[in-house]
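As provided, start09.txt (compact mmCIF, C-alpha atoms) reads as follows.
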# COMPACT_ATOMS: atom_id res chain seq x y z
CA MET A 719 0.00 0.00 0.00
CA ILE A 720 2.91 2.38 0.56
CA ASP A 721 4.72 1.46 -2.63
CA GLY A 722 5.74 4.60 -4.44
CA ILE A 723 6.13 6.80 -1.35
CA ASP A 724 9.53 8.43 -1.85
CA PRO A 725 11.33 8.83 1.50
CA VAL A 726 13.43 11.69 0.14
CA ILE A 727 10.39 13.70 -0.96
CA HIS A 728 8.07 12.62 1.86
CA VAL A 729 9.74 14.75 4.56
CA PRO A 730 7.27 17.66 4.98
CA LYS A 731 9.72 20.49 4.28
CA ARG A 732 11.04 18.76 1.15
CA LEU A 733 7.52 17.87 0.00
CA ALA A 734 6.49 21.51 0.37
CA ALA A 735 9.58 22.68 -1.55
CA MET A 736 8.86 20.19 -4.34
CA ALA A 737 5.23 21.36 -4.50
CA ILE A 738 6.42 24.93 -4.98
CA LEU A 739 8.97 23.91 -7.61
CA ALA A 740 6.36 21.83 -9.46
CA ASN A 741 4.42 25.04 -10.10
CA ALA A 742 7.22 27.34 -11.21
CA PRO A 743 10.12 27.08 -13.66
CA SER A 744 12.49 28.23 -10.90
CA VAL A 745 12.40 29.90 -7.51
CA SER A 746 14.91 31.79 -5.43
CA PHE A 747 16.36 30.63 -2.14
CA ARG A 748 14.74 33.65 -0.47
CA PHE A 749 11.29 32.81 -1.92
CA LEU A 750 11.50 29.21 -0.64
CA ARG A 751 12.77 30.31 2.77
CA ASP A 752 9.98 32.83 3.17
CA HIS A 753 7.18 30.54 1.95
CA LEU A 754 8.34 27.51 3.92
CA GLN A 755 9.07 29.70 6.96
CA ILE A 756 12.27 27.88 7.86
CA SER A 757 15.79 29.04 8.62
CA GLU A 758 18.42 29.45 5.92
CA SER A 759 20.47 26.58 7.34
CA ASP A 760 17.44 24.26 7.40
CA LEU A 761 16.51 25.18 3.83
CA SER A 762 20.10 24.60 2.71
CA LYS A 763 20.04 21.14 4.29
CA GLN A 764 16.69 20.21 2.73
CA MET A 765 17.65 21.45 -0.74
CA SER A 766 21.04 19.73 -0.57
CA THR A 767 19.25 16.44 0.06
CA LEU A 768 16.96 17.00 -2.92
CA GLU A 769 19.94 17.98 -5.06
CA ALA A 770 21.91 14.89 -4.02
CA ALA A 771 18.93 12.75 -5.08
CA GLY A 772 18.97 14.45 -8.49
CA TYR A 773 15.51 15.97 -7.97
CA VAL A 774 16.56 19.63 -7.90
CA GLY A 775 19.20 21.68 -9.65
CA SER A 776 20.56 25.02 -8.52
CA THR A 777 22.21 28.04 -10.06
CA LYS A 778 24.35 30.38 -7.99
CA GLU A 779 25.10 33.93 -9.03
CA GLY A 780 27.52 36.22 -7.24
CA HIS A 781 29.23 35.59 -3.92
CA GLY A 782 28.63 36.47 -0.29
CA ARG A 783 25.72 38.66 0.82
CA GLY A 784 25.06 39.89 -2.71
CA GLY A 785 24.86 36.39 -4.16
CA SER A 786 21.70 34.49 -4.96
CA THR A 787 20.71 30.88 -5.49
CA THR A 788 17.88 29.74 -7.71
CA PHE A 789 16.38 26.23 -7.68
CA ARG A 790 14.54 24.30 -10.38
CA MET A 791 13.05 20.83 -10.48
CA THR A 792 14.91 18.38 -12.72
CA PRO A 793 13.11 15.97 -15.07
CA ALA A 794 13.95 13.16 -12.62
CA GLY A 795 12.52 15.26 -9.80
CA GLU A 796 9.33 15.87 -11.76
CA ARG A 797 8.88 12.13 -12.37
CA ALA A 798 9.60 11.32 -8.71
CA TYR A 799 7.26 14.05 -7.46
CA LYS A 800 4.39 12.91 -9.70
CA ALA A 801 4.90 9.28 -8.66
CA HIS A 802 5.00 10.29 -4.99
CA CYS A 803 1.77 12.31 -5.34
CA ALA A 804 0.06 9.39 -7.08
CA ALA A 805 1.18 7.03 -4.30
CA LEU A 806 -0.16 9.45 -1.65
CA ARG A 807 -3.49 9.70 -3.47
CA ALA A 808 -3.75 5.90 -3.64
CA LEU A 809 -2.92 5.64 0.05
CA LEU A 810 -5.47 8.30 1.02
CA ASP A 811 -8.18 6.81 -1.20
CA GLY A 812 -7.75 3.49 0.58
CA PRO A 813 -7.94 0.01 -0.84
CA PRO A 814 -10.79 -0.96 -3.13
CA PRO A 815 -13.74 -2.61 -1.41
CA PRO A 816 -13.56 -6.39 -1.23
CA ALA A 817 -15.21 -8.27 -4.06
CA GLU A 818 -18.32 -10.32 -3.34
CA GLY A 819 -17.28 -13.46 -1.54
CA ASP A 820 -13.86 -12.08 -0.46
CA GLY A 821 -14.99 -10.76 2.93
I need this file expressed as structure tokens, please.
Amino acid sequence: MIDGIDPVIHVPKRLAAMAILANAPSVSFRFLRDHLQISESDLSKQMSTLEAAGYVGSTKEGHGRGGSTTFRMTPAGERAYKAHCAALRALLDGPPPPAEGDG
């Protein structure tokens, strides 16, 4: 019943980040931080995990306080996110009712 649930995506902060990225071509670090309402260090950790899994790519411009990081979902991330959402829907919908004679 839990086949398809992706443990990398399933963590609430990462799931929320993936949901945002699924609806935009790219988003800034600041936008994610503000919308997820988490610290910069926590966001960095969560996005590093998604990047290591190949689900998210990033682009860095500039250095130090003036620099910025932008994230985008990769094709592999899009496939994984869609599969994860489908698995969640199946889990939430529950199993089909038993057939006559099965119960």
Next item on the list: Take atom CA of Asp752 of chain A and atom CA of Ser786 of chain A and report the distance between them in Å, one decimal.
Entry: 14.4 Å
Six-sided padding of 8 Å per side, axis-aligned box over segment 723-737 of chain A, centre and edges in Å, one decimal, as lines of an AutoDock Vina configuration file:
center_x = 9.3
center_y = 14.7
center_z = 0.2
size_x = 24.2
size_y = 31.9
size_z = 25.5
I'd like a table as JSON lines: residues in segment 771-821 of chain A with an atom no more than 9 Å from segment 719-740 of chain A, each row giving the shortest atom pair and its distance in Å to one decimal, all atoms listed in the file counted, sorted by chain and rising residue number.
{"residue": "A:Ala771", "atom": "CA", "partner": "A:Val726", "partner_atom": "CA", "distance": 7.7}
{"residue": "A:Tyr773", "atom": "CA", "partner": "A:Met736", "partner_atom": "CA", "distance": 8.7}
{"residue": "A:Val774", "atom": "CA", "partner": "A:Met736", "partner_atom": "CA", "distance": 8.5}
{"residue": "A:Phe789", "atom": "CA", "partner": "A:Leu739", "partner_atom": "CA", "distance": 7.8}
{"residue": "A:Arg790", "atom": "CA", "partner": "A:Leu739", "partner_atom": "CA", "distance": 6.2}
{"residue": "A:Met791", "atom": "CA", "partner": "A:Leu739", "partner_atom": "CA", "distance": 5.9}
{"residue": "A:Gly795", "atom": "CA", "partner": "A:Met736", "partner_atom": "CA", "distance": 8.2}
{"residue": "A:Glu796", "atom": "CA", "partner": "A:Ala740", "partner_atom": "CA", "distance": 7.0}
{"residue": "A:Ala798", "atom": "CA", "partner": "A:Asp724", "partner_atom": "CA", "distance": 7.4}
{"residue": "A:Tyr799", "atom": "CA", "partner": "A:Met736", "partner_atom": "CA", "distance": 7.1}
{"residue": "A:Ala801", "atom": "CA", "partner": "A:Gly722", "partner_atom": "CA", "distance": 6.4}
{"residue": "A:His802", "atom": "CA", "partner": "A:Ile723", "partner_atom": "CA", "distance": 5.2}
{"residue": "A:Cys803", "atom": "CA", "partner": "A:Ile723", "partner_atom": "CA", "distance": 8.1}
{"residue": "A:Ala804", "atom": "CA", "partner": "A:Gly722", "partner_atom": "CA", "distance": 7.9}
{"residue": "A:Ala805", "atom": "CA", "partner": "A:Gly722", "partner_atom": "CA", "distance": 5.2}
{"residue": "A:Leu806", "atom": "CA", "partner": "A:Ile723", "partner_atom": "CA", "distance": 6.8}
{"residue": "A:Ala808", "atom": "CA", "partner": "A:Met719", "partner_atom": "CA", "distance": 7.9}
{"residue": "A:Leu809", "atom": "CA", "partner": "A:Met719", "partner_atom": "CA", "distance": 6.4}
{"residue": "A:Gly812", "atom": "CA", "partner": "A:Met719", "partner_atom": "CA", "distance": 8.5}
{"residue": "A:Pro813", "atom": "CA", "partner": "A:Met719", "partner_atom": "CA", "distance": 8.0}
Could you save those same residues with C-alpha atoms as a PDB file, keeping the file's coordinate frame?
ATOM      1  CA  ALA A 771      18.930  12.750  -5.080  1.00  0.00           C
ATOM      2  CA  TYR A 773      15.510  15.970  -7.970  1.00  0.00           C
ATOM      3  CA  VAL A 774      16.560  19.630  -7.900  1.00  0.00           C
ATOM      4  CA  PHE A 789      16.380  26.230  -7.680  1.00  0.00           C
ATOM      5  CA  ARG A 790      14.540  24.300 -10.380  1.00  0.00           C
ATOM      6  CA  MET A 791      13.050  20.830 -10.480  1.00  0.00           C
ATOM      7  CA  GLY A 795      12.520  15.260  -9.800  1.00  0.00           C
ATOM      8  CA  GLU A 796       9.330  15.870 -11.760  1.00  0.00           C
ATOM      9  CA  ALA A 798       9.600  11.320  -8.710  1.00  0.00           C
ATOM     10  CA  TYR A 799       7.260  14.050  -7.460  1.00  0.00           C
ATOM     11  CA  ALA A 801       4.900   9.280  -8.660  1.00  0.00           C
ATOM     12  CA  HIS A 802       5.000  10.290  -4.990  1.00  0.00           C
ATOM     13  CA  CYS A 803       1.770  12.310  -5.340  1.00  0.00           C
ATOM     14  CA  ALA A 804       0.060   9.390  -7.080  1.00  0.00           C
ATOM     15  CA  ALA A 805       1.180   7.030  -4.300  1.00  0.00           C
ATOM     16  CA  LEU A 806      -0.160   9.450  -1.650  1.00  0.00           C
ATOM     17  CA  ALA A 808      -3.750   5.900  -3.640  1.00  0.00           C
ATOM     18  CA  LEU A 809      -2.920   5.640   0.050  1.00  0.00           C
ATOM     19  CA  GLY A 812      -7.750   3.490   0.580  1.00  0.00           C
ATOM     20  CA  PRO A 813      -7.940   0.010  -0.840  1.00  0.00           C
TER      21      PRO A 813
END
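One distance worth recording is that between atom CA of Leu761 of chain A and atom CA of Phe747 of chain A, which is 8.1 Å.
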Notebook entry, point to check: Quick one: distance from atom CA of Leu768 of chain A to atom CA of His781 of chain A in Å, one decimal?
Noted result: 22.3 Å
Check: Which residue out of A:Thr788, A:Arg807, A:Lys763, A:Arg797 has the minimum interatomic distance to Leu750 of chain A when all atoms listed in the file are used?
Finding: A:Thr788
Check: Of the residues A:Val745, A:Ala770, A:Ala817, A:Ile756, which is the one nearest to Ala794 of chain A, using only C-alpha atoms?
Finding: A:Ala770
